[in-house]
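A quick write-up on the structure given underneath.
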Amino acid sequence: MAAAQKTPPLNARLGWFIVWLCLGLAFVFYATPILWLLLAAFRDEPTLFSSGPFSLGRFEMLAQTWHNLTTYNDFQIGRWALNSAIYTIGGVSLSLVAVLPAGFILATYDFALRKTILVLTLVAMITPNTVVALPIFLQMQAFGLNNSYLGMIIATAFFPFGVYLAYIYYATSLPNGLIDAARIDGASRFEVFSKVALPLSKPLIALVALFSFLANWSNYFLAFVLLTKDELYSLPIGLAVLVSSSGALGNDVASDIPINKPEAIVAAILVIAPVLLLFLASQKYVRAGTLSGAEKG
């Protein structure tokens, strides 16, 4: 006769109840606005106020909203989306080129000013972006790179958090025996990095690329400072300028632009959709990257 299954003690059940309660509240707090945003995209402006917050709209309303948004100024939002893709992909690529070797050197080699560089990296991590925007602007202006694709890519590639992630990964997850064996075989530092460390860095690359993408795709303030030509706008700043100038936010701006609150809602979805899709697609590598330093060796 099988032994009767023991009932979990009261403290354990209470603990799980608190955990699930907190998760449920967090889900409601974060998921409710996104659910409302997705449903509101299928409604026109009158029904946004006359019906309930989670009422269903019609596909025809979404089609008309999308038409108003995409036909503005010869589909200018397509240009802004392409600009955002160029800035983001270029910034992420340049960040990876700089971050991975820097983190590897800091983690595996002892040299003068190593601790100073690590401290400066931490300081740069906690410095608000608004503080460094003006120095970056002046630097790009000195090189004549304001209002250019190259200037924006270089500016968005500044990613000290990625350097620290790479340092933690290589310091905790890269076996020292592999590095020692490569050195004994006569491999140079570059060969140790490119032939030993880099092939083992897939979780790190995914993690750094994801965080860099999140920072660059939705970057508004830096693009606002560096870009003044509307043909070079990124998607967030372009849509923000369009929505605010059309009076869609209720700021009493007289305008004949067919951009209202439904168009502003669809514009917001356009900005957050790539972030959500990339995050869902990279879950496997993100988990591997975040747990890579949990155990030494």
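We label chains A, B, ... in the order they appear in the structure tokens, count residues from 1 in each chain, and number ligands from 1 in the order shown.
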Write out as a tab-separated table a residue-level contact list of segment 187-264 of chain A versus segment 91-99 of chain A with cut-off 9 Å: for each qualifying residue the closest pair of atoms and the distance in Å to one decimal, counting only C-alpha atoms, rows sorted by chain and residue number upward.
residue	atom	partner	partner_atom	distance
A:Ile205	CA	A:Leu96	CA	7.3
A:Val208	CA	A:Leu96	CA	7.3
A:Ala209	CA	A:Val92	CA	5.9
A:Leu210	CA	A:Val92	CA	8.6
A:Ser212	CA	A:Val92	CA	5.7
A:Phe213	CA	A:Val92	CA	6.3
A:Asn216	CA	A:Gly91	CA	7.2
Once DSSP has gone over the backbone, tell me which residues of segment 29-257 of chain A are in helix (DSSP H, G or I), as a ChimeraX atom specification.
-> /A:29-40,45-50,59-70,76-108,114-126,129-142,149-156,160-173,176-184,189-200,202-217,221-226,230-232,235-246
Atom CA of Asn73 of chain A to atom CA of Ala40 of chain A, distance in Å rounded to a single decimal | 24.4 Å
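Reported to one decimal place, the separation of atom CA of Ile154 of chain A from atom CA of Ser188 of chain A is 28.8 Å.
Straight-line separation from atom CA of Ala268 of chain A to atom CA of Pro160 of chain A: 28.1 Å.
Compared by their closest atoms to Gln76 of chain A, and using only C-alpha atoms, the residues A:Tyr233, A:Phe158, A:Phe111, A:Tyr170 rank with A:Tyr233 nearest.
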